$ cat coords_20.txt   # compact mmCIF, C-alpha atoms
# COMPACT_ATOMS: atom_id res chain seq x y z
CA MET A 1 5.07 9.59 -4.13
CA THR A 2 5.74 8.00 -0.77
CA ARG A 3 9.12 9.58 -0.22
CA ALA A 4 7.80 12.29 2.09
CA VAL A 5 6.09 9.68 4.24
CA ALA A 6 9.27 7.65 4.42
CA ALA A 7 11.23 10.70 5.45
CA LEU A 8 8.70 11.48 8.17
CA LEU A 9 8.69 7.93 9.44
CA ALA A 10 12.46 7.88 9.38
CA LEU A 11 12.44 10.92 11.66
CA ILE A 12 9.96 9.37 14.06
CA THR A 13 11.50 5.93 14.18
CA GLY A 14 15.02 7.27 14.18
CA ALA A 15 14.47 8.14 17.81
CA VAL A 16 13.97 4.55 18.84
CA LEU A 17 16.08 2.65 16.35
CA LEU A 18 19.76 2.76 15.60
CA VAL A 19 19.96 4.10 12.09
CA GLY A 20 22.33 2.43 9.65
CA CYS A 21 25.02 2.07 12.26
CA GLY A 22 28.32 1.14 10.72
CA GLY A 23 30.08 -0.03 13.86
CA GLY A 24 28.13 -3.19 14.63
CA GLY A 25 30.21 -6.35 14.54
CA ASP A 26 28.46 -8.50 11.97
CA GLN A 27 26.14 -5.87 10.60
CA VAL A 28 26.18 -5.11 6.91
CA THR A 29 27.06 -1.50 6.15
CA GLY A 30 25.59 0.75 3.51
CA LEU A 31 21.98 -0.28 4.02
CA LYS A 32 19.17 2.19 3.42
CA GLY A 33 16.80 0.69 5.98
CA PHE A 34 17.17 0.42 9.74
CA THR A 35 19.34 -2.03 11.59
CA ARG A 36 19.17 -2.78 15.28
CA ASP A 37 21.93 -3.52 17.75
CA PRO A 38 21.87 -6.23 18.89
CA VAL A 39 20.47 -7.82 15.75
CA PRO A 40 17.10 -9.43 16.57
CA GLU A 41 17.18 -13.22 16.38
CA VAL A 42 13.92 -14.68 15.07
CA GLY A 43 15.07 -18.06 13.82
CA GLY A 44 13.73 -19.72 16.95
CA VAL A 45 10.07 -18.90 16.25
CA SER A 46 7.85 -20.70 13.79
CA LEU A 47 4.27 -20.62 12.54
CA PRO A 48 2.15 -22.74 10.20
CA ASP A 49 2.73 -21.85 6.54
CA VAL A 50 -0.63 -22.34 4.81
CA GLY A 51 1.22 -22.11 1.51
CA ALA A 52 2.95 -25.37 2.48
CA GLY A 53 -0.11 -27.25 3.68
CA GLY A 54 -0.05 -25.69 7.13
CA GLU A 55 3.35 -27.11 7.98
CA GLU A 56 5.09 -25.36 10.89
CA ARG A 57 8.06 -23.46 9.47
CA PRO A 58 10.64 -21.25 11.19
CA LEU A 59 10.76 -17.60 10.17
CA ARG A 60 14.16 -18.05 8.64
CA ALA A 61 15.41 -17.92 5.06
CA ALA A 62 16.52 -20.99 3.14
CA PRO A 63 20.34 -21.40 3.05
CA GLY A 64 21.95 -18.50 1.17
CA ASP A 65 18.59 -16.77 0.67
CA LEU A 66 16.68 -13.91 2.26
CA LEU A 67 13.17 -13.95 3.70
CA VAL A 68 11.19 -10.71 3.58
CA VAL A 69 8.57 -10.73 6.34
CA TYR A 70 5.49 -8.51 6.58
CA PHE A 71 2.79 -8.55 9.25
CA GLY A 72 -0.60 -7.42 7.93
CA PHE A 73 -4.10 -8.45 6.93
CA THR A 74 -5.82 -8.84 3.59
CA SER A 75 -8.79 -6.52 4.25
CA CYS A 76 -6.30 -3.69 4.63
CA PRO A 77 -6.95 -1.45 1.61
CA ASP A 78 -4.04 0.95 1.70
CA ILE A 79 -0.98 0.18 3.81
CA CYS A 80 -0.61 -3.57 3.22
CA PRO A 81 -1.11 -3.74 -0.55
CA THR A 82 1.04 -0.63 -0.95
CA THR A 83 3.88 -2.28 0.95
CA LEU A 84 3.56 -5.62 -0.82
CA GLY A 85 3.33 -3.81 -4.17
CA ASP A 86 6.50 -1.89 -3.33
CA VAL A 87 8.35 -5.09 -2.44
CA ARG A 88 7.12 -6.75 -5.63
CA ALA A 89 8.28 -3.79 -7.74
CA ALA A 90 11.62 -3.75 -5.93
CA LEU A 91 12.11 -7.48 -6.59
CA LYS A 92 11.44 -6.96 -10.30
CA ARG A 93 14.40 -4.59 -10.44
CA LEU A 94 16.80 -7.23 -9.13
CA PRO A 95 18.72 -9.46 -11.53
CA ALA A 96 16.91 -12.81 -11.86
CA ALA A 97 19.72 -14.68 -10.11
CA GLN A 98 19.29 -12.48 -7.05
CA ARG A 99 15.51 -12.35 -7.23
CA ASP A 100 15.36 -16.14 -7.07
CA ARG A 101 17.06 -16.00 -3.69
CA VAL A 102 14.35 -13.87 -2.08
CA GLU A 103 11.18 -15.30 -0.59
CA VAL A 104 8.38 -13.09 0.77
CA ALA A 105 6.31 -14.09 3.80
CA MET A 106 3.15 -12.43 5.01
CA VAL A 107 2.03 -13.12 8.55
CA THR A 108 -1.66 -12.39 9.03
CA VAL A 109 -2.67 -10.56 12.19
CA ASP A 110 -6.33 -11.22 11.30
CA PRO A 111 -6.61 -15.04 11.11
CA LYS A 112 -10.38 -14.90 11.61
CA ARG A 113 -11.06 -13.27 8.24
CA ASP A 114 -7.81 -14.34 6.59
CA THR A 115 -8.49 -18.02 6.15
CA ALA A 116 -5.86 -20.30 4.61
CA THR A 117 -7.57 -19.98 1.22
CA VAL A 118 -7.71 -16.19 1.44
CA MET A 119 -4.05 -16.02 2.47
CA ARG A 120 -2.85 -18.27 -0.34
CA GLY A 121 -4.76 -16.25 -2.93
CA TYR A 122 -3.59 -12.94 -1.55
CA VAL A 123 0.13 -13.58 -1.09
CA GLY A 124 0.29 -15.69 -4.25
CA HIS A 125 -1.15 -12.75 -6.20
CA PHE A 126 1.86 -10.62 -5.38
CA PHE A 127 4.76 -13.05 -5.41
CA THR A 128 6.08 -16.21 -7.02
CA LYS A 129 8.21 -17.34 -4.06
CA TRP A 130 6.15 -16.84 -0.94
CA ARG A 131 5.02 -18.11 2.43
CA ALA A 132 1.68 -17.36 4.07
CA TYR A 133 1.83 -17.67 7.81
CA ARG A 134 -1.43 -18.07 9.68
CA THR A 135 -2.24 -19.27 13.15
CA THR A 136 -5.36 -19.05 15.29
CA ASP A 137 -3.18 -19.49 18.37
CA SER A 138 -2.89 -15.88 19.53
CA ALA A 139 -0.05 -16.73 21.95
CA ALA A 140 2.01 -18.19 19.09
CA LEU A 141 1.37 -15.10 16.97
CA ALA A 142 2.28 -12.83 19.90
CA ALA A 143 5.56 -14.71 20.40
CA VAL A 144 6.51 -14.19 16.77
CA GLU A 145 5.53 -10.52 16.87
CA LYS A 146 7.61 -10.05 20.01
CA ALA A 147 10.65 -11.62 18.37
CA PHE A 148 10.42 -9.12 15.52
CA GLY A 149 9.25 -6.14 17.56
CA ALA A 150 5.98 -6.07 15.62
CA SER A 151 2.54 -5.51 17.13
CA HIS A 152 -1.13 -5.23 16.31
CA SER A 153 -4.42 -4.56 18.04
CA ILE A 154 -8.02 -5.34 17.15
CA THR A 155 -10.83 -3.00 18.16
CA PRO A 156 -14.52 -3.91 17.65
CA THR A 157 -16.59 -1.34 15.74
CA LYS A 158 -20.27 -0.44 16.06
CA ASP A 159 -21.25 -2.38 12.95
CA GLY A 160 -20.08 -5.67 14.45
CA GLU A 161 -16.84 -5.65 12.49
CA TYR A 162 -13.49 -4.63 13.87
CA ASP A 163 -10.61 -2.34 13.08
CA VAL A 164 -7.10 -3.71 12.85
CA VAL A 165 -4.18 -1.49 13.72
CA HIS A 166 -0.70 -2.84 13.13
CA SER A 167 2.97 -1.98 12.96
CA ALA A 168 3.99 -1.65 9.35
CA PHE A 169 7.66 -2.47 9.14
CA THR A 170 8.97 -4.94 6.61
CA TYR A 171 11.74 -7.18 7.92
CA VAL A 172 14.50 -9.02 6.10
CA VAL A 173 15.64 -12.24 7.75
CA ASP A 174 18.75 -14.17 6.70
CA ASP A 175 19.37 -17.92 6.78
CA GLN A 176 20.62 -17.65 10.37
CA GLY A 177 17.29 -16.19 11.49
CA ARG A 178 18.68 -12.70 12.04
CA VAL A 179 16.72 -9.55 11.14
CA VAL A 180 19.42 -7.92 9.01
CA VAL A 181 17.46 -4.85 7.94
CA GLU A 182 13.96 -3.44 8.30
CA TRP A 183 12.08 -0.87 6.26
CA PRO A 184 9.40 1.55 7.45
CA PHE A 185 6.21 2.04 5.47
CA GLY A 186 6.85 4.19 2.42
CA MET A 187 10.43 3.03 1.88
CA PRO A 188 11.30 3.97 -1.72
CA ARG A 189 11.32 0.96 -4.03
CA ARG A 190 14.83 1.66 -5.27
CA ASP A 191 16.09 1.58 -1.67
CA ILE A 192 14.43 -1.80 -1.10
CA THR A 193 16.13 -3.10 -4.24
CA ALA A 194 19.45 -1.63 -3.14
CA ASP A 195 19.27 -3.22 0.32
CA LEU A 196 18.35 -6.64 -1.04
CA SER A 197 21.16 -6.42 -3.55
CA THR A 198 23.66 -5.35 -0.86
CA LEU A 199 22.63 -8.20 1.42
CA LEU A 200 22.72 -10.81 -1.33
CA GLU A 201 26.15 -9.66 -2.49
CA GLU A 202 27.42 -9.61 1.10
CA ASP A 203 26.27 -13.15 1.52
CA ALA A 204 28.00 -14.25 -1.67
CA ASN A 205 31.28 -12.77 -0.40
CA THR A 206 31.38 -14.59 2.91
CA MET B 1 0.06 4.52 -17.93
CA SER B 2 -2.46 2.32 -19.63
CA SER B 3 -4.02 3.20 -22.92
CA ILE B 4 -7.37 3.35 -21.21
CA THR B 5 -6.16 6.16 -19.01
CA ARG B 6 -4.89 8.08 -21.94
CA ARG B 7 -8.15 7.65 -23.77
CA THR B 8 -10.19 9.27 -21.05
CA ILE B 9 -8.63 12.68 -21.36
CA THR B 10 -10.54 15.18 -23.41
CA GLY B 11 -9.22 18.04 -25.41
CA VAL B 12 -11.73 20.25 -23.66
CA ALA B 13 -10.48 19.30 -20.23
CA ALA B 14 -6.86 19.73 -21.25
CA LEU B 15 -7.71 23.17 -22.58
CA ALA B 16 -9.48 23.99 -19.35
CA ILE B 17 -6.32 23.26 -17.41
CA ALA B 18 -4.26 25.36 -19.76
CA ALA B 19 -6.73 28.22 -19.33
CA GLY B 20 -6.68 28.05 -15.58
CA GLY B 21 -8.96 25.15 -14.93
CA ALA B 22 -12.07 27.04 -13.96
CA GLY B 23 -15.46 27.39 -15.48
CA PHE B 24 -15.86 24.17 -17.39
CA ALA B 25 -18.90 22.45 -16.06
CA GLY B 26 -19.67 18.90 -17.08
CA ALA B 27 -16.38 17.89 -18.56
CA GLN B 28 -16.64 14.58 -20.26
CA MET B 29 -16.17 11.53 -18.07
CA ASP B 30 -16.71 8.66 -20.44
CA MET B 31 -15.15 9.09 -23.80
CA PRO B 32 -15.89 6.51 -26.45
CA SER B 33 -13.01 4.08 -26.64
CA THR B 34 -12.30 5.15 -30.21
CA THR B 35 -11.26 8.62 -29.13
CA THR B 36 -7.57 9.24 -29.47
CA ALA B 37 -5.90 11.53 -27.00
CA PRO B 38 -2.94 13.79 -27.59
CA THR B 39 0.16 11.70 -27.08
CA THR B 40 1.56 14.28 -24.70
CA ALA B 41 -1.33 13.76 -22.28
CA LYS B 42 -0.25 11.71 -19.31
CA LYS B 43 -3.11 12.11 -16.92
CA THR B 44 -6.82 11.86 -16.72
CA VAL B 45 -8.28 15.22 -15.93
CA VAL B 46 -11.81 16.06 -15.00
CA THR B 47 -12.91 19.58 -14.26
CA LYS B 48 -16.14 20.82 -12.91
CA LYS B 49 -16.91 24.20 -11.43
CA ASN B 50 -13.75 24.98 -9.47
CA ILE B 51 -12.66 21.39 -9.01
CA VAL B 52 -9.89 19.76 -11.02
CA ILE B 53 -9.35 16.03 -10.58
CA THR B 54 -6.19 14.42 -11.89
CA ASN B 55 -5.27 10.79 -12.35
CA PRO B 56 -8.05 8.98 -10.45
CA TRP B 57 -7.18 5.32 -9.92
CA VAL B 58 -8.22 2.35 -7.85
CA ARG B 59 -5.87 -0.33 -6.65
CA VAL B 60 -6.09 -3.80 -8.13
CA VAL B 61 -6.29 -6.19 -5.19
CA PRO B 62 -6.05 -9.98 -5.29
CA PRO B 63 -9.24 -11.80 -6.38
CA GLY B 64 -11.62 -12.31 -3.47
CA SER B 65 -10.34 -9.29 -1.53
CA ARG B 66 -12.91 -7.44 0.55
CA ASN B 67 -11.57 -3.93 0.27
CA THR B 68 -9.55 -1.61 -1.90
CA ALA B 69 -8.74 2.08 -2.10
CA GLY B 70 -9.12 4.92 -4.58
CA TYR B 71 -6.63 7.72 -5.11
CA MET B 72 -6.45 10.99 -7.09
CA SER B 73 -5.26 14.57 -6.98
CA ILE B 74 -7.88 17.21 -6.26
CA ARG B 75 -7.39 20.90 -6.84
CA SER B 76 -9.87 23.58 -6.00
CA VAL B 77 -9.45 26.72 -8.03
CA ARG B 78 -10.33 30.11 -6.50
CA LYS B 79 -12.17 28.77 -3.46
CA ALA B 80 -11.30 26.37 -0.68
CA ASP B 81 -13.58 23.35 -0.66
CA ALA B 82 -13.94 19.99 1.07
CA LEU B 83 -14.58 16.48 -0.15
CA VAL B 84 -17.40 15.20 2.04
CA ARG B 85 -18.40 11.98 0.33
CA ALA B 86 -17.34 9.51 -2.33
CA SER B 87 -19.35 6.63 -3.68
CA VAL B 88 -19.09 3.82 -6.20
CA PRO B 89 -22.00 1.94 -7.79
CA SER B 90 -23.57 -0.63 -5.47
CA SER B 91 -22.79 -3.29 -8.07
CA ILE B 92 -19.10 -2.80 -7.27
CA ALA B 93 -18.95 -2.40 -3.49
CA MET B 94 -21.12 -2.21 -0.39
CA LYS B 95 -19.92 1.14 0.84
CA THR B 96 -17.30 3.81 0.53
CA GLU B 97 -15.68 5.97 3.19
CA LEU B 98 -13.08 8.72 3.34
CA HIS B 99 -10.04 7.60 5.29
CA LEU B 100 -6.64 8.77 6.42
CA SER B 101 -3.83 6.31 7.05
CA ARG B 102 -1.46 7.60 9.65
CA MET B 103 1.02 6.42 12.20
CA ASP B 104 0.14 6.41 15.88
CA PRO B 105 3.10 8.36 17.29
CA ASP B 106 2.95 6.43 20.58
CA THR B 107 2.96 2.89 19.25
CA GLY B 108 4.40 3.32 15.77
CA GLN B 109 1.44 1.35 14.46
CA MET B 110 -0.31 2.36 11.25
CA MET B 111 -3.97 3.10 11.63
CA MET B 112 -6.79 4.28 9.44
CA VAL B 113 -9.05 7.01 10.66
CA GLN B 114 -12.37 7.72 8.98
CA GLN B 115 -12.69 11.33 7.87
CA LYS B 116 -15.92 13.33 7.77
CA ARG B 117 -14.33 15.56 5.21
CA ILE B 118 -11.06 16.05 3.41
CA GLY B 119 -10.21 19.72 3.10
CA ILE B 120 -9.11 21.05 -0.28
CA PRO B 121 -7.16 24.28 0.23
CA ARG B 122 -7.68 27.12 -2.21
CA ASN B 123 -5.51 26.85 -5.31
CA ARG B 124 -3.57 23.95 -3.88
CA THR B 125 -3.62 20.28 -4.71
CA ARG B 126 -4.78 17.74 -2.18
CA GLN B 127 -3.26 14.37 -2.90
CA LEU B 128 -5.29 11.30 -2.11
CA LYS B 129 -2.37 8.91 -2.10
CA MET B 130 -0.96 5.72 -0.66
CA GLY B 131 -0.33 5.90 3.07
CA SER B 132 -2.35 9.10 3.41
CA TYR B 133 -5.84 10.29 2.49
CA HIS B 134 -7.75 7.80 0.38
CA ILE B 135 -11.20 6.62 -0.57
CA MET B 136 -11.76 3.28 1.11
CA ILE B 137 -13.94 1.04 -1.03
CA MET B 138 -15.41 -1.62 1.22
CA GLY B 139 -17.16 -4.91 0.67
CA LEU B 140 -16.18 -5.51 -2.94
CA LYS B 141 -18.82 -7.36 -4.93
CA LYS B 142 -16.59 -8.01 -7.90
CA ASP B 143 -12.89 -8.46 -8.45
CA ILE B 144 -10.96 -5.38 -9.44
CA THR B 145 -8.87 -6.26 -12.48
CA PRO B 146 -6.23 -4.16 -14.26
CA GLY B 147 -7.71 -1.62 -16.65
CA MET B 148 -11.20 -1.87 -15.16
CA ARG B 149 -13.00 1.46 -15.08
CA ILE B 150 -14.76 2.38 -11.88
CA PRO B 151 -17.11 5.36 -11.70
CA ILE B 152 -16.67 7.37 -8.51
CA THR B 153 -19.10 10.09 -7.51
CA LEU B 154 -17.47 12.73 -5.37
CA THR B 155 -19.46 15.21 -3.32
CA PHE B 156 -17.90 18.54 -2.41
CA LEU B 157 -19.17 20.98 0.16
CA ARG B 158 -19.25 23.86 -2.32
CA ALA B 159 -18.84 22.43 -5.80
CA GLY B 160 -21.42 19.69 -5.30
CA THR B 161 -21.20 16.48 -7.24
CA VAL B 162 -18.29 15.61 -9.51
CA LYS B 163 -18.18 12.29 -11.35
CA VAL B 164 -14.91 10.71 -12.32
CA THR B 165 -13.93 7.39 -13.83
CA ALA B 166 -11.03 5.77 -12.04
CA VAL B 167 -8.85 3.19 -13.73
CA ALA B 168 -7.81 0.06 -11.85
CA LYS B 169 -4.04 -0.30 -11.63
CA ASP B 170 -1.91 -3.03 -10.17
CA MET B 171 0.69 -0.87 -8.45

$ encode --input "coords_20.txt" --output "structure tokens"
Amino acid sequence: MTRAVAALLALITGAVLLVGCGGGGDQVTGLKGFTRDPVPEVGGVSLPDVGAGGEERPLRAAPGDLLVVYFGFTSCPDICPTTLGDVRAALKRLPAAQRDRVEVAMVTVDPKRDTATVMRGYVGHFFTKWRAYRTTDSAALAAVEKAFGASHSITPTKDGEYDVVHSAFTYVVDDQGRVVVEWPFGMPRRDITADLSTLLEEDANT
Amino acid sequence: MSSITRRTITGVAALAIAAGGAGFAGAQMDMPSTTTAPTTAKKTVVTKKNIVITNPWVRVVPPGSRNTAGYMSIRSVRKADALVRASVPSSIAMKTELHLSRMDPDTGQMMMVQQKRIGIPRNRTRQLKMGSYHIMIMGLKKDITPGMRIPITLTFLRAGTVKVTAVAKDM
């Protein structure tokens, strides 16, 4: 259903990203998503994880695991739940031993409406192993977005509410804090499964 | 596909599709739950005037969520038409708008743009689908749970009002 969108986005983003390049030194080959050269390092940034009592945690996977990171907001009716639903479905297709090594983190770009309680309920609805990052410190959020290459903007509307516009990539971070692959919106579920499997097998071999 | 979805199809509507889809006003929207559908039927179909609606569904969102979205396929037989409005009962949500999710080509950011109308080309199917055109259901007053049936009233420029029952799915 979303394959056409993925193809379109691949065309658009292909212009600015290095697509599946096989020559990169420590890059994993055979991935369906995008990889960048140099590989973005995000292990140095951290945010409070309201799923862990608000403890500041680096955006880095646990040893030997992968951390899937998505920037979004819970009032988002279409893009965010579609993406999180795709990741959930993709995880279900992985063997349990691999699935247990993947944690999913959502970073809210709308901390005003996405309170800690809202975030816990939302992310916990989709996943069993999850983190819910939330900060009201806009500079801290901006620093994390910059590390990933993500962005968002908030525009007030006439009715006193506001519209949130945001980049919609999903990032996979390894235990070294490197973004090893990223998927555009509409990435087919089977490709998400394939990439996770490839990365988890790669890790087991090294 | 849930059993609820399968139950909502009617033999009449299925026949209407087989016969070209046109001319069946007032196809049944709410079948009694005891009705059994043909096992081959995969989709909910509602026809009225020239409009054929297939597989209307609403996304299950986590409890306490403010918003969700509705999706379906719309075909207009013989005449081009336009969806100009969609609404759900006020007991379910505060308001409903027609939206298009699209990427801003300059920033790469995804944005939603409210639509005054969604054009339905003649004899072609307009997909209201994830990451594209959708019905944005805003200010939820109750949680949307799997299998829940949500009445949606669609207003078309030419065909007028068409009522469908969407099924909530956790996709």

$ interface_residues --input "coords_20.txt" --of "chain A" --to "chain B" --cutoff "8 Å" --atoms "all atoms listed in the file" --output "VMD selection string"
chain A and resid 1 to 2 5 12 to 13 74 to 79 81 to 82 85 to 86 118 121 to 122 125 to 126 151 to 152 164 to 168 185 to 186

$ closest_residue --input "coords_20.txt" --among "B:Ala168, B:Ile74, B:Val88, B:Ala93" --to "Ile152 in chain B" --atoms "all atoms listed in the file"
B:Val88

$ axis_aligned_box --input "coords_20.txt" --around "range 148-163 of chain B" --padding-each-side "5 Å" --output "AutoDock Vina command-line options"
--center_x -16.3 --center_y 11.0 --center_z -7.5 --size_x 20.2 --size_y 35.7 --size_z 25.3

$ residues_near_point --input "coords_20.txt" --point "(-5.5, -9.0, 13.6)" --cutoff "7 Å" --atoms "only C-alpha atoms" --output "PyMOL selection string"
chain A and resi 73+108-111+152-154+164

$ write_last_selection --input "coords_20.txt" --atoms "C-alpha atoms" --output "PDB file, in the coordinates of the input"
ATOM      1  CA  PHE A  73      -4.100  -8.450   6.930  1.00  0.00           C
ATOM      2  CA  THR A 108      -1.660 -12.390   9.030  1.00  0.00           C
ATOM      3  CA  VAL A 109      -2.670 -10.560  12.190  1.00  0.00           C
ATOM      4  CA  ASP A 110      -6.330 -11.220  11.300  1.00  0.00           C
ATOM      5  CA  PRO A 111      -6.610 -15.040  11.110  1.00  0.00           C
ATOM      6  CA  HIS A 152      -1.130  -5.230  16.310  1.00  0.00           C
ATOM      7  CA  SER A 153      -4.420  -4.560  18.040  1.00  0.00           C
ATOM      8  CA  ILE A 154      -8.020  -5.340  17.150  1.00  0.00           C
ATOM      9  CA  VAL A 164      -7.100  -3.710  12.850  1.00  0.00           C
TER      10      VAL A 164
END

$ atom_distance --input "coords_20.txt" --atom1 "CA of Thr83 in chain A" --atom2 "CA of Thr170 in chain A"
8.1 Å

$ atom_distance --input "coords_20.txt" --atom1 "CA of Thr161 in chain B" --atom2 "CA of Arg75 in chain B"
14.5 Å

$ closest_residue --input "coords_20.txt" --among "B:Lys95, B:Lys141, B:Lys169, B:Arg126" --to "Thr54 in chain B" --atoms "all atoms listed in the file"
B:Arg126

$ closest_residue --input "coords_20.txt" --among "A:Ala52, A:Ala116, A:Asp65, A:Glu103" --to "Trp130 in chain A" --atoms "only C-alpha atoms"
A:Glu103

$ decode --input "coords_20.txt" --residues "range 33-87 of chain A" --atoms "C-alpha atoms" --output "CSV table (one decimal), in the first residue's frame"
chain,number,residue,atom,x,y,z
A,33,GLY,CA,17.4,1.7,3.8
A,34,PHE,CA,19.7,4.6,3.4
A,35,THR,CA,23.2,4.9,4.9
A,36,ARG,CA,25.2,8.0,5.1
A,37,ASP,CA,29.0,8.6,4.7
A,38,PRO,CA,30.4,9.4,7.2
A,39,VAL,CA,28.1,7.5,9.5
A,40,PRO,CA,26.4,9.9,11.9
A,41,GLU,CA,27.5,9.6,15.5
A,42,VAL,CA,24.7,10.2,18.0
A,43,GLY,CA,26.0,8.4,21.0
A,44,GLY,CA,27.1,11.6,22.6
A,45,VAL,CA,23.6,13.1,22.9
A,46,SER,CA,21.1,12.1,25.6
A,47,LEU,CA,17.6,13.0,26.7
A,48,PRO,CA,15.3,12.1,29.6
A,49,ASP,CA,13.6,8.8,29.1
A,50,VAL,CA,10.2,9.1,30.7
A,51,GLY,CA,9.8,5.4,30.4
A,52,ALA,CA,12.7,5.1,32.9
A,53,GLY,CA,11.5,7.7,35.4
A,54,GLY,CA,12.9,10.6,33.4
A,55,GLU,CA,16.5,9.4,33.7
A,56,GLU,CA,18.8,11.0,31.2
A,57,ARG,CA,19.8,8.3,28.7
A,58,PRO,CA,22.1,8.4,25.7
A,59,LEU,CA,20.5,7.7,22.3
A,60,ARG,CA,22.5,4.5,21.9
A,61,ALA,CA,21.6,0.8,21.9
A,62,ALA,CA,22.4,-1.5,24.8
A,63,PRO,CA,25.5,-3.7,24.1
A,64,GLY,CA,24.9,-6.0,21.1
A,65,ASP,CA,21.4,-4.5,20.5
A,66,LEU,CA,19.9,-2.0,18.2
A,67,LEU,CA,17.9,1.1,19.0
A,68,VAL,CA,15.2,2.2,16.5
A,69,VAL,CA,14.6,6.0,16.9
A,70,TYR,CA,11.6,7.9,15.6
A,71,PHE,CA,10.9,11.6,16.1
A,72,GLY,CA,7.2,12.4,16.2
A,73,PHE,CA,4.2,13.4,18.3
A,74,THR,CA,1.2,11.5,19.6
A,75,SER,CA,-1.5,13.8,18.1
A,76,CYS,CA,-0.2,12.9,14.7
A,77,PRO,CA,-3.0,10.8,13.1
A,78,ASP,CA,-1.4,9.4,10.0
A,79,ILE,CA,2.3,9.5,9.6
A,80,CYS,CA,3.5,8.6,13.1
A,81,PRO,CA,1.2,5.8,13.9
A,82,THR,CA,1.7,4.4,10.4
A,83,THR,CA,5.4,4.4,10.9
A,84,LEU,CA,5.3,2.9,14.4
A,85,GLY,CA,2.8,0.3,13.2
A,86,ASP,CA,5.1,-0.6,10.4
A,87,VAL,CA,8.1,-1.0,12.8
